[in-house]
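Asker: Data file data_2.cif (mmCIF, C-alpha atoms and all ligand atoms) is appended below.
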data_start
#
loop_
_atom_site.label_atom_id
_atom_site.label_comp_id
_atom_site.auth_asym_id
_atom_site.auth_seq_id
_atom_site.Cartn_x
_atom_site.Cartn_y
_atom_site.Cartn_z
CA MET A 781 0.00 0.00 0.00
CA ALA A 782 1.10 3.54 -0.74
CA GLU A 783 2.55 5.72 1.99
CA THR A 784 0.25 7.77 4.21
CA VAL A 785 -0.85 11.05 2.72
CA ARG A 786 -0.63 14.21 4.85
CA ARG A 787 -2.40 16.62 2.56
CA ILE A 788 -5.25 16.06 0.11
CA GLY A 789 -7.08 18.22 -2.40
CA VAL A 790 -10.79 18.29 -3.18
CA LEU A 791 -12.63 19.64 -6.22
CA THR A 792 -16.11 19.64 -7.75
CA SER A 793 -16.40 19.24 -11.51
CA GLY A 794 -18.94 18.93 -14.34
CA GLY A 795 -22.61 19.69 -13.74
CA ASP A 796 -23.36 20.80 -10.19
CA ALA A 797 -25.67 18.80 -7.97
CA PRO A 798 -27.33 19.57 -4.62
CA GLY A 799 -25.35 17.82 -1.88
CA MET A 800 -21.92 18.56 -3.33
CA ASN A 801 -21.35 20.95 -0.42
CA ALA A 802 -22.22 18.28 2.12
CA ALA A 803 -19.67 16.02 0.39
CA ILE A 804 -16.97 18.73 0.53
CA ARG A 805 -17.70 19.23 4.23
CA ALA A 806 -17.36 15.49 4.87
CA VAL A 807 -14.05 15.28 2.97
CA VAL A 808 -12.60 18.28 4.80
CA ARG A 809 -13.65 17.26 8.28
CA THR A 810 -12.65 13.64 7.80
CA ALA A 811 -9.16 14.69 6.70
CA LEU A 812 -8.87 17.11 9.62
CA SER A 813 -10.02 14.42 12.04
CA GLN A 814 -7.11 12.27 10.79
CA GLY A 815 -4.65 15.12 11.34
CA ALA A 816 -4.22 15.82 7.59
CA GLY A 817 -4.53 19.10 5.71
CA VAL A 818 -7.05 19.84 2.95
CA VAL A 819 -6.87 22.19 0.02
CA GLY A 820 -9.94 23.17 -2.02
CA ILE A 821 -9.43 23.57 -5.74
CA GLU A 822 -11.85 26.04 -7.29
CA ARG A 823 -13.53 25.54 -10.68
CA GLY A 824 -12.67 21.87 -11.05
CA PHE A 825 -9.85 20.82 -13.36
CA HIS A 826 -9.65 24.37 -14.69
CA GLY A 827 -8.56 25.55 -11.24
CA LEU A 828 -6.10 22.70 -11.00
CA ILE A 829 -4.30 24.00 -14.08
CA HIS A 830 -4.52 27.64 -13.02
CA GLY A 831 -3.51 27.13 -9.38
CA GLU A 832 -6.84 28.26 -7.89
CA PHE A 833 -6.11 26.67 -4.52
CA VAL A 834 -7.60 27.61 -1.13
CA GLU A 835 -6.57 26.18 2.21
CA LEU A 836 -9.64 24.76 3.95
CA ASN A 837 -10.23 24.45 7.67
CA SER A 838 -13.18 23.31 9.68
CA ARG A 839 -14.79 26.75 9.58
CA SER A 840 -14.44 26.98 5.79
CA VAL A 841 -17.09 24.29 5.50
CA ALA A 842 -19.34 25.57 8.29
CA ASP A 843 -22.94 26.34 7.39
CA ILE A 844 -22.87 24.68 3.96
CA ILE A 845 -24.43 21.26 4.61
CA HIS A 846 -27.87 22.60 3.65
CA ARG A 847 -26.85 24.60 0.60
CA GLY A 848 -27.29 23.60 -3.04
CA GLY A 849 -24.55 24.24 -5.62
CA THR A 850 -20.88 24.02 -4.65
CA ILE A 851 -18.76 26.49 -2.68
CA LEU A 852 -15.76 25.36 -4.74
CA LYS A 853 -17.59 26.20 -7.98
CA SER A 854 -17.60 23.95 -10.99
CA ALA A 855 -16.31 24.38 -14.52
CA ARG A 856 -15.50 22.36 -17.57
CA SER A 857 -11.88 22.28 -18.74
CA GLU A 858 -10.89 21.28 -22.25
CA ALA A 859 -7.25 22.02 -21.35
CA PHE A 860 -7.23 19.20 -18.81
CA LYS A 861 -7.87 16.76 -21.63
CA THR A 862 -4.46 17.65 -23.13
CA PRO A 863 -1.16 16.20 -21.81
CA GLU A 864 0.26 19.73 -21.35
CA GLY A 865 -2.75 20.80 -19.26
CA ARG A 866 -2.54 17.72 -17.08
CA GLN A 867 1.23 18.16 -16.65
CA LYS A 868 0.70 21.70 -15.39
CA ALA A 869 -2.01 20.49 -13.00
CA VAL A 870 0.28 17.83 -11.53
CA GLU A 871 3.12 20.35 -11.10
CA ASN A 872 0.75 22.69 -9.24
CA LEU A 873 -0.33 19.87 -6.96
CA LYS A 874 3.28 18.92 -6.20
CA GLN A 875 4.16 22.51 -5.43
CA ALA A 876 1.23 22.77 -3.02
CA GLY A 877 2.29 19.55 -1.29
CA ILE A 878 -0.94 17.77 -2.24
CA SER A 879 -0.39 14.07 -2.79
CA ALA A 880 -3.93 12.74 -3.30
CA MET A 881 -7.25 14.07 -4.57
CA VAL A 882 -10.99 13.64 -4.09
CA VAL A 883 -12.97 14.46 -7.24
CA ILE A 884 -16.70 15.08 -6.81
CA GLY A 885 -18.69 14.93 -10.08
CA GLY A 886 -20.03 12.78 -12.89
CA ASP A 887 -18.40 10.26 -15.20
CA GLY A 888 -16.55 12.96 -17.19
CA SER A 889 -14.94 14.08 -13.95
CA PHE A 890 -14.10 10.46 -13.18
CA ARG A 891 -12.10 10.29 -16.41
CA GLY A 892 -10.14 13.27 -15.11
CA ALA A 893 -9.61 11.43 -11.81
CA MET A 894 -8.30 8.41 -13.74
CA ALA A 895 -5.89 10.63 -15.63
CA LEU A 896 -4.58 12.12 -12.38
CA THR A 897 -4.10 8.66 -10.91
CA ALA A 898 -2.19 7.56 -14.02
CA MET A 899 0.13 10.54 -13.52
CA GLY A 900 1.00 9.55 -9.97
CA VAL A 901 -1.63 11.50 -8.02
CA PRO A 902 -4.06 8.98 -6.52
CA ALA A 903 -7.60 10.29 -7.02
CA VAL A 904 -10.92 9.01 -5.67
CA GLY A 905 -14.27 9.80 -7.31
CA VAL A 906 -17.47 10.72 -5.48
CA PRO A 907 -20.58 10.31 -7.71
CA ALA A 908 -22.60 13.52 -7.82
CA THR A 909 -25.05 14.16 -10.65
CA ILE A 910 -28.78 14.75 -10.68
CA ASP A 911 -29.02 12.44 -13.72
CA ASN A 912 -28.19 9.41 -11.54
CA ASP A 913 -26.51 7.72 -14.52
CA ILE A 914 -23.28 6.52 -12.88
CA ALA A 915 -22.63 2.77 -12.67
CA CYS A 916 -21.46 1.08 -9.44
CA THR A 917 -23.77 3.08 -7.21
CA ASP A 918 -27.49 2.73 -6.59
CA VAL A 919 -27.84 6.49 -6.27
CA SER A 920 -25.72 9.58 -7.01
CA ILE A 921 -25.64 12.70 -4.88
CA GLY A 922 -28.25 15.23 -6.04
CA PHE A 923 -30.74 12.82 -7.59
CA ASP A 924 -33.07 12.66 -4.60
CA THR A 925 -33.21 16.44 -4.34
CA ALA A 926 -33.82 16.80 -8.07
CA ILE A 927 -36.75 14.38 -8.14
CA ASN A 928 -38.25 16.08 -5.11
CA THR A 929 -38.00 19.41 -6.92
CA VAL A 930 -39.77 17.90 -9.93
CA ILE A 931 -42.48 16.43 -7.72
CA ASP A 932 -42.96 19.80 -6.08
CA GLY A 933 -43.58 21.22 -9.54
CA ILE A 934 -45.93 18.38 -10.51
CA ASN A 935 -47.96 18.89 -7.31
CA LYS A 936 -48.52 22.50 -8.19
CA ILE A 937 -49.31 21.67 -11.79
CA ARG A 938 -51.89 19.12 -10.59
CA ASP A 939 -53.74 21.79 -8.63
CA THR A 940 -54.16 24.02 -11.65
CA ALA A 941 -54.63 21.11 -14.07
CA THR A 942 -57.57 19.86 -12.00
CA SER A 943 -59.17 23.28 -11.83
CA HIS A 944 -58.98 23.82 -15.57
CA GLU A 945 -59.28 20.23 -16.80
CA ARG A 946 -56.10 20.46 -18.81
CA ILE A 947 -53.37 18.19 -20.07
CA TYR A 948 -49.89 19.12 -18.90
CA VAL A 949 -46.70 17.98 -20.59
CA VAL A 950 -43.77 18.42 -18.18
CA GLU A 951 -40.21 18.24 -19.54
CA VAL A 952 -37.49 17.22 -17.09
CA MET A 953 -33.71 16.83 -17.34
CA GLY A 954 -32.09 13.68 -18.70
CA ARG A 955 -30.35 13.87 -22.07
CA GLU A 956 -29.37 10.25 -22.16
CA SER A 957 -31.09 8.72 -19.19
CA GLY A 958 -34.65 8.69 -17.94
CA PHE A 959 -34.06 8.33 -14.20
CA ILE A 960 -35.49 11.72 -13.25
CA ALA A 961 -38.52 11.31 -15.52
CA LEU A 962 -39.20 7.76 -14.38
CA TRP A 963 -38.86 8.27 -10.64
CA ALA A 964 -40.58 11.66 -10.56
CA GLY A 965 -43.27 10.38 -12.95
CA LEU A 966 -43.98 7.40 -10.70
CA ALA A 967 -43.94 9.52 -7.53
CA GLY A 968 -46.03 12.24 -9.18
CA GLY A 969 -48.66 9.85 -10.56
CA ALA A 970 -48.08 10.80 -14.21
CA GLU A 971 -50.38 9.22 -16.81
CA SER A 972 -47.49 8.71 -19.26
CA ILE A 973 -43.72 8.82 -18.91
CA LEU A 974 -41.47 9.16 -21.96
CA ILE A 975 -37.80 8.28 -21.52
CA PRO A 976 -34.90 7.73 -23.94
CA GLU A 977 -34.48 4.06 -22.92
CA ILE A 978 -37.96 2.88 -23.90
CA PRO A 979 -39.58 3.43 -27.32
CA TYR A 980 -42.92 5.16 -27.10
CA ASP A 981 -46.03 5.40 -29.22
CA LEU A 982 -47.65 8.83 -29.24
CA ASP A 983 -50.96 7.41 -30.35
CA ALA A 984 -50.96 5.25 -27.21
CA VAL A 985 -50.14 8.32 -25.10
CA TYR A 986 -53.12 10.10 -26.64
CA GLN A 987 -55.39 7.10 -26.17
CA ARG A 988 -54.45 6.96 -22.49
CA ILE A 989 -55.63 10.53 -22.10
CA VAL A 990 -58.92 9.70 -23.82
CA GLN A 991 -59.30 6.59 -21.70
CA GLY A 992 -58.55 8.60 -18.55
CA GLN A 993 -61.26 11.07 -19.42
CA GLN A 994 -63.76 8.26 -19.95
CA LEU A 995 -62.84 6.98 -16.50
CA GLY A 996 -63.68 10.36 -15.02
CA LYS A 997 -60.16 11.83 -14.76
CA ASN A 998 -60.29 15.54 -15.29
CA HIS A 999 -56.63 16.07 -16.08
CA SER A 1000 -53.52 14.21 -17.24
CA ILE A 1001 -49.83 14.74 -16.63
CA ILE A 1002 -47.23 13.50 -19.08
CA VAL A 1003 -43.60 13.57 -17.99
CA VAL A 1004 -41.00 13.68 -20.77
CA ALA A 1005 -37.21 13.43 -20.44
CA GLU A 1006 -35.43 16.09 -22.51
CA GLY A 1007 -33.39 13.44 -24.37
CA VAL A 1008 -36.40 11.68 -25.92
CA ASP A 1009 -36.63 11.95 -29.71
CA GLY A 1010 -39.76 13.98 -30.23
CA PRO A 1011 -42.23 13.64 -33.09
CA PRO A 1012 -41.04 15.48 -36.21
CA SER A 1013 -41.73 19.18 -36.28
CA GLY A 1014 -40.78 21.98 -38.64
CA GLU A 1015 -39.70 24.09 -35.67
CA ALA A 1016 -36.60 23.97 -33.50
CA GLU A 1017 -38.54 23.16 -30.36
CA SER A 1018 -38.10 20.95 -27.36
CA VAL A 1019 -39.55 17.45 -27.20
CA ALA A 1020 -42.26 18.52 -24.72
CA MET A 1021 -43.46 21.22 -27.12
CA ARG A 1022 -43.69 18.65 -29.89
CA VAL A 1023 -45.58 16.16 -27.78
CA GLY A 1024 -47.90 18.99 -26.64
CA ARG A 1025 -48.47 20.06 -30.22
CA TYR A 1026 -49.29 16.49 -31.28
CA ILE A 1027 -51.93 16.07 -28.56
CA ARG A 1028 -53.41 19.50 -29.26
CA GLU A 1029 -53.68 18.70 -32.97
CA ARG A 1030 -55.35 15.35 -32.34
CA GLY A 1031 -58.02 17.46 -30.67
CA GLY A 1032 -60.32 17.43 -27.70
CA PHE A 1033 -57.97 18.74 -25.05
CA GLU A 1034 -56.48 21.93 -23.76
CA VAL A 1035 -52.74 21.32 -23.48
CA ARG A 1036 -50.03 23.23 -21.62
CA VAL A 1037 -46.29 22.58 -21.75
CA ILE A 1038 -43.85 23.24 -18.90
CA ILE A 1039 -40.07 22.91 -19.14
CA LEU A 1040 -38.62 22.75 -15.64
CA GLY A 1041 -35.03 23.32 -16.81
CA HIS A 1042 -32.33 24.43 -14.38
CA LEU A 1043 -34.72 24.63 -11.45
CA GLN A 1044 -33.90 20.94 -11.11
CA ARG A 1045 -30.25 21.64 -10.35
CA GLY A 1046 -30.86 23.95 -7.40
CA GLY A 1047 -32.40 23.87 -3.97
CA ASN A 1048 -31.43 22.69 -0.53
CA PRO A 1049 -30.34 19.07 -0.58
CA THR A 1050 -32.82 16.62 0.96
CA ALA A 1051 -31.92 14.74 4.14
CA TYR A 1052 -31.19 11.69 1.98
CA ASP A 1053 -28.70 13.58 -0.19
CA ARG A 1054 -26.96 15.15 2.81
CA ILE A 1055 -26.53 11.77 4.49
CA LEU A 1056 -25.40 10.09 1.27
CA ALA A 1057 -22.90 12.90 0.61
CA SER A 1058 -21.59 12.72 4.18
CA ARG A 1059 -21.07 8.95 3.97
CA LEU A 1060 -19.50 8.97 0.49
CA GLY A 1061 -17.29 12.00 1.21
CA HIS A 1062 -16.05 10.40 4.42
CA LYS A 1063 -15.12 7.13 2.73
CA ALA A 1064 -13.46 8.92 -0.22
CA ALA A 1065 -11.28 10.99 2.11
CA LEU A 1066 -10.20 7.90 4.04
CA LEU A 1067 -9.13 6.18 0.80
CA ALA A 1068 -7.29 9.27 -0.46
CA LEU A 1069 -5.49 9.57 2.88
CA GLN A 1070 -4.24 6.01 2.43
CA GLY A 1071 -2.90 6.93 -0.99
CA ILE A 1072 -5.43 4.68 -2.71
CA GLY A 1073 -6.45 6.08 -6.12
CA GLY A 1074 -8.29 4.95 -9.23
CA LYS A 1075 -11.39 4.21 -7.14
CA MET A 1076 -14.85 5.60 -6.77
CA VAL A 1077 -17.08 5.25 -3.75
CA GLY A 1078 -20.67 4.14 -4.21
CA ILE A 1079 -23.70 3.03 -2.25
CA VAL A 1080 -24.99 -0.47 -2.94
CA HIS A 1081 -27.79 -1.91 -0.81
CA ASP A 1082 -27.15 0.87 1.68
CA ARG A 1083 -23.48 -0.05 2.11
CA ILE A 1084 -20.69 2.31 1.11
CA GLU A 1085 -18.16 0.48 -1.04
CA ALA A 1086 -15.18 1.23 -3.27
CA PHE A 1087 -15.12 0.27 -6.96
CA ASP A 1088 -12.54 0.69 -9.71
CA LEU A 1089 -13.05 3.97 -11.54
CA GLN A 1090 -12.55 2.07 -14.78
CA GLU A 1091 -15.52 -0.15 -13.98
CA ALA A 1092 -17.67 2.87 -13.15
CA ILE A 1093 -16.75 4.63 -16.39
CA GLU A 1094 -17.23 1.62 -18.63
CA GLY A 1095 -20.34 0.35 -16.86
CA HIS A 1096 -23.85 1.30 -17.84
CA LYS A 1097 -26.51 2.05 -15.29
CA ALA A 1098 -29.80 0.78 -16.64
CA ILE A 1099 -33.21 2.01 -15.50
CA ASP A 1100 -35.51 -0.45 -13.80
CA GLU A 1101 -38.22 -1.31 -16.34
CA GLU A 1102 -40.46 -2.52 -13.52
CA PHE A 1103 -40.79 1.12 -12.45
CA TYR A 1104 -42.11 1.93 -15.90
CA THR A 1105 -44.67 -0.87 -15.90
CA LEU A 1106 -45.73 -0.03 -12.36
CA ALA A 1107 -46.26 3.64 -13.21
CA GLN A 1108 -48.41 2.61 -16.19
CA THR A 1109 -50.46 0.12 -14.19
CA LEU A 1110 -51.16 2.54 -11.37
CA SER A 1111 -52.18 5.40 -13.62
CA SER A 1112 -54.35 3.51 -16.08
CA LEU A 1113 -57.41 2.88 -13.91
P1 LIG B 1 -19.47 15.32 -15.59
O1 LIG B 1 -18.40 15.08 -14.59
O2 LIG B 1 -20.68 15.96 -14.97
O3 LIG B 1 -19.78 14.08 -16.40
P2 LIG B 1 -18.03 16.50 -17.89
O4 LIG B 1 -18.26 15.33 -18.76
O5 LIG B 1 -18.24 17.84 -18.46
O6 LIG B 1 -18.94 16.47 -16.57
O7 LIG B 1 -16.52 16.41 -17.35
C1 LIG B 1 -16.03 17.38 -16.46
C2 LIG B 1 -14.60 17.66 -16.71
O8 LIG B 1 -13.81 16.46 -16.51
C3 LIG B 1 -14.23 18.09 -18.14
O9 LIG B 1 -14.46 19.44 -18.39
C4 LIG B 1 -12.73 17.77 -18.18
O10 LIG B 1 -11.98 18.79 -17.56
C5 LIG B 1 -12.63 16.50 -17.32
N1 LIG B 1 -12.57 15.34 -18.22
C6 LIG B 1 -13.58 14.75 -18.90
N2 LIG B 1 -13.16 13.73 -19.67
C7 LIG B 1 -11.81 13.68 -19.51
C8 LIG B 1 -10.76 12.84 -20.04
N3 LIG B 1 -11.03 11.86 -20.90
N4 LIG B 1 -9.51 13.10 -19.62
C9 LIG B 1 -9.23 14.07 -18.75
N5 LIG B 1 -10.16 14.89 -18.22
C10 LIG B 1 -11.45 14.71 -18.58
#
Here is the file; what I need is its structure written in the form of structure tokens.
Answerer:
Amino acid sequence: MAETVRRIGVLTSGGDAPGMNAAIRAVVRTALSQGAGVVGIERGFHGLIHGEFVELNSRSVADIIHRGGTILKSARSEAFKTPEGRQKAVENLKQAGISAMVVIGGDGSFRGAMALTAMGVPAVGVPATIDNDIACTDVSIGFDTAINTVIDGINKIRDTATSHERIYVVEVMGRESGFIALWAGLAGGAESILIPEIPYDLDAVYQRIVQGQQLGKNHSIIVVAEGVDGPPSGEAESVAMRVGRYIRERGGFEVRVIILGHLQRGGNPTAYDRILASRLGHKAALLALQGIGGKMVGIVHDRIEAFDLQEAIEGHKAIDEEFYTLAQTLSSL
């Protein structure tokens, strides 16, 4: 095993997610509790190259456990994908006496963590993305908060939808994965859920609305992930707009479209996300302090475990199709 590390760095990278701050706090306080020092790197890998380093103490992470976003800020860095950029980053780390890193982010950030490890700086990944699309973990930090934000929106939409007997098409985040749409759709009682992983039939979506009306439902909610291929349209418009247009044109219903957008990234992390971030951040710091790199920490059956970063990057996290069937069954009567 590698020698004990006396000073670690921590950064947040890629898309931000609620709970990243709770993870930073856990990393910092775990390292301090082990008598090690911690340096925060601002703006992800960009800050690594540009030497944006801040010494962190216990007070630096006070009063952040409940805040969305990330106090370290996040950025994307094309330069870090070049050997010159990475070389500069490693030199900066050496100069600052940092011998291991914790990288909080999505799978892009994990590739950066792999690159650091390959260059002699052991790095551990902490999965944080509202999309929940990282393999080797049941849940990623930020997902629970994001689906609760969506449900909050759906609850409000239901109130007005019932009053006006309308159809609402709600677009949520998820370019390549339907986790947010599926979970929030199930929890929000949506009549139809459209996700990139499962082919859909718009005629069937329409028929479900008609059927619902015959059963006495006075409104319908359709949740659509942004990454779904929409029906063809002459306009450059989002998938929800296209689905809304299709239903409107088939006739018989008043349709409204809502795109929740970046609302889903913000907000105070839920209790679940704070606890998950605290547990994952703690474990990641302990590994980094032992000089163990090339790993990510994940939660599987409520246990925190370490996996190879390679496995996490190459793996694919599939949605649970039973959720989809269940949502359909429960909303079709
Ligand atoms: P996420 O972590 O949310 O998936 P990105 O895919 O944008 O976000 O990745 C975040 C950052 O990670 C990139 O801007 C880049 O600096 C770094 N990164 C991504 N892929 C690589 C790679 N193959 N090699 C080195 N760094 C990478």
Asker: Got a sec to check which residues lie within 6 Å of ligand LIG 1 (chain B), using only C-alpha atoms and all ligand atoms, and send them as a count of residues only?
Answerer: 17
Asker: Smallest atom-to-atom distance to Ala880 of chain A: which of A:Lys1097, A:Asp932, A:Leu896, A:Asp1009, using all atoms listed in the file?
Answerer: A:Leu896
Asker: Which residue is closest to Ala811 of chain A? Choose from A:Gln1070, A:Gln1044, A:Thr925, A:Thr1109 and count only C-alpha atoms.
Answerer: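 For Ala811 of chain A, the nearest of the given residues is A:Gln1070.
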Asker: List the neighbours of Val950 of chain A out to 8 Å using all atoms listed in the file; skip same-chain residues closer than 2 positions along the sequence, and give me the result as number ranges by chain.
Answerer: A: 934, 948, 952, 1001-1004, 1020, 1037-1040
Asker: Which protein, DNA or RNA residues have an atom at most 12 Å from (-11.4, 28.7, -11.1), counting only C-alpha atoms? List them as a PyMOL selection string.
Answerer: chain A and resi 791-793+820-834+851-857
Asker: Leaving out Leu1106 of chain A and any residue of its chain fewer than 4 positions from it, which residues lie within 8 Å of it when counting only C-alpha atoms, given as a list in words?
Answerer: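 Neighbouring residues, sequence-local ones excluded: Leu966, Glu1102 and Leu1110 of chain A.
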Asker: How many Å lie between atom CA of Leu962 of chain A and atom CA of Val883 of chain A, rounded to one decimal?
Answerer: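 Going from atom CA of Leu962 of chain A over to atom CA of Val883 of chain A covers 28.0 Å.
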Asker: Tell me which of A:Ala1057, A:Ile788, A:Ala1005, A:Ile947 sits closest to Phe959 of chain A, counting all atoms listed in the file.
Answerer: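 Among A:Ala1057, A:Ile788, A:Ala1005, A:Ile947, it is A:Ala1005 that comes nearest to Phe959 of chain A.
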Asker: Please, what distance in Å, to one decimal, runs between atom CA of Met899 of chain A and atom CA of Ile1072 of chain A?
Answerer: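 Separating atom CA of Met899 of chain A from atom CA of Ile1072 of chain A is a distance of 13.5 Å.
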Asker: Rounded to one decimal, what separation in Å do you get between atom CA of Val1035 of chain A and atom CA of Asn928 of chain A?
Answerer: 24.0 Å
Asker: Please put the answer as AutoDock Vina command-line options: centre and edge lengths, in Å with one decimal, of a box along x, y and z that encloses all listed atoms of segment 791-799 of chain A plus 5 Å on each side.
Answerer:
--center_x -20.0 --center_y 19.3 --center_z -8.1 --size_x 24.7 --size_y 13.0 --size_z 22.5
Asker: At a cut-off of 8 Å, using all atoms listed in the file, what residues contact Thr909 of chain A? Leave out same-chain residues fewer than 4 positions from it and give the result as a PyMOL selection string.
Answerer: chain A and resi 795-797+885-886+913+920-923
Asker: Determine the nearest neighbour of Phe1103 of chain A from the options A:Ile975, A:Ala915, A:Ala903, A:Met953, counting all atoms listed in the file.
Answerer: A:Ile975
Asker: Hey, which of A:Thr1050, A:Asn998, A:Val818, A:Pro979 ends up closest to Gly1010 of chain A? Count all atoms listed in the file.
Answerer: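 Looking only at the distances to Gly1010 of chain A, the closest residue turns out to be A:Pro979.
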Asker: Restricting the calculation to all atoms listed in the file: of A:Leu1056, A:Ile1027, A:Ile978, A:Val930, which residue gets closest to Glu951 of chain A?
Answerer: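 Checking each of A:Leu1056, A:Ile1027, A:Ile978, A:Val930 against Glu951 of chain A, counting all atoms listed in the file, the winner is A:Val930.
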Asker: Missing atoms in segment 1027-1044 of chain A: can you complete it with N, CA, C and O atoms, as a compact mmCIF listing (two decimals), in the coordinates of the input?
Answerer:
# COMPACT_ATOMS: atom_id res chain seq x y z
N ILE A 1027 -50.67 16.34 -29.29
CA ILE A 1027 -51.93 16.07 -28.56
C ILE A 1027 -52.97 17.14 -28.89
O ILE A 1027 -54.15 16.84 -29.13
N ARG A 1028 -52.51 18.38 -28.93
CA ARG A 1028 -53.41 19.50 -29.26
C ARG A 1028 -54.04 19.28 -30.63
O ARG A 1028 -55.23 19.46 -30.82
N GLU A 1029 -53.18 18.86 -31.60
CA GLU A 1029 -53.68 18.70 -32.97
C GLU A 1029 -54.61 17.50 -33.12
O GLU A 1029 -55.48 17.51 -33.99
N ARG A 1030 -54.41 16.49 -32.28
CA ARG A 1030 -55.35 15.35 -32.34
C ARG A 1030 -56.73 15.80 -31.85
O ARG A 1030 -57.73 15.18 -32.17
N GLY A 1031 -56.74 16.83 -31.03
CA GLY A 1031 -58.02 17.46 -30.67
C GLY A 1031 -58.64 16.98 -29.37
O GLY A 1031 -58.31 15.91 -28.86
N GLY A 1032 -59.52 17.81 -28.86
CA GLY A 1032 -60.32 17.43 -27.70
C GLY A 1032 -59.78 17.87 -26.35
O GLY A 1032 -60.48 17.75 -25.34
N PHE A 1033 -58.55 18.38 -26.35
CA PHE A 1033 -57.97 18.74 -25.05
C PHE A 1033 -57.26 20.09 -25.09
O PHE A 1033 -56.71 20.48 -26.11
N GLU A 1034 -57.28 20.73 -23.92
CA GLU A 1034 -56.48 21.93 -23.76
C GLU A 1034 -55.13 21.48 -23.20
O GLU A 1034 -55.09 20.79 -22.17
N VAL A 1035 -54.05 21.84 -23.87
CA VAL A 1035 -52.74 21.32 -23.48
C VAL A 1035 -51.80 22.47 -23.09
O VAL A 1035 -51.77 23.50 -23.75
N ARG A 1036 -51.06 22.26 -22.02
CA ARG A 1036 -50.03 23.23 -21.62
C ARG A 1036 -48.69 22.49 -21.49
O ARG A 1036 -48.67 21.32 -21.08
N VAL A 1037 -47.61 23.19 -21.82
CA VAL A 1037 -46.29 22.58 -21.75
C VAL A 1037 -45.44 23.33 -20.73
O VAL A 1037 -45.43 24.56 -20.74
N ILE A 1038 -44.74 22.60 -19.88
CA ILE A 1038 -43.85 23.24 -18.90
C ILE A 1038 -42.48 22.59 -18.98
O ILE A 1038 -42.36 21.36 -18.92
N ILE A 1039 -41.45 23.43 -19.12
CA ILE A 1039 -40.07 22.91 -19.14
C ILE A 1039 -39.42 23.34 -17.83
O ILE A 1039 -39.23 24.53 -17.60
N LEU A 1040 -39.12 22.38 -16.98
CA LEU A 1040 -38.62 22.75 -15.64
C LEU A 1040 -37.19 23.26 -15.67
O LEU A 1040 -36.79 24.07 -14.85
N GLY A 1041 -36.38 22.78 -16.60
CA GLY A 1041 -35.03 23.32 -16.81
C GLY A 1041 -34.15 23.33 -15.57
O GLY A 1041 -34.17 22.41 -14.75
N HIS A 1042 -33.37 24.40 -15.42
CA HIS A 1042 -32.33 24.43 -14.38
C HIS A 1042 -32.84 24.52 -12.96
O HIS A 1042 -32.05 24.38 -12.02
N LEU A 1043 -34.14 24.73 -12.80
CA LEU A 1043 -34.72 24.63 -11.45
C LEU A 1043 -34.29 23.32 -10.79
O LEU A 1043 -34.07 23.26 -9.58
N GLN A 1044 -34.17 22.29 -11.62
CA GLN A 1044 -33.90 20.94 -11.11
C GLN A 1044 -32.49 20.78 -10.55
O GLN A 1044 -32.19 19.80 -9.90
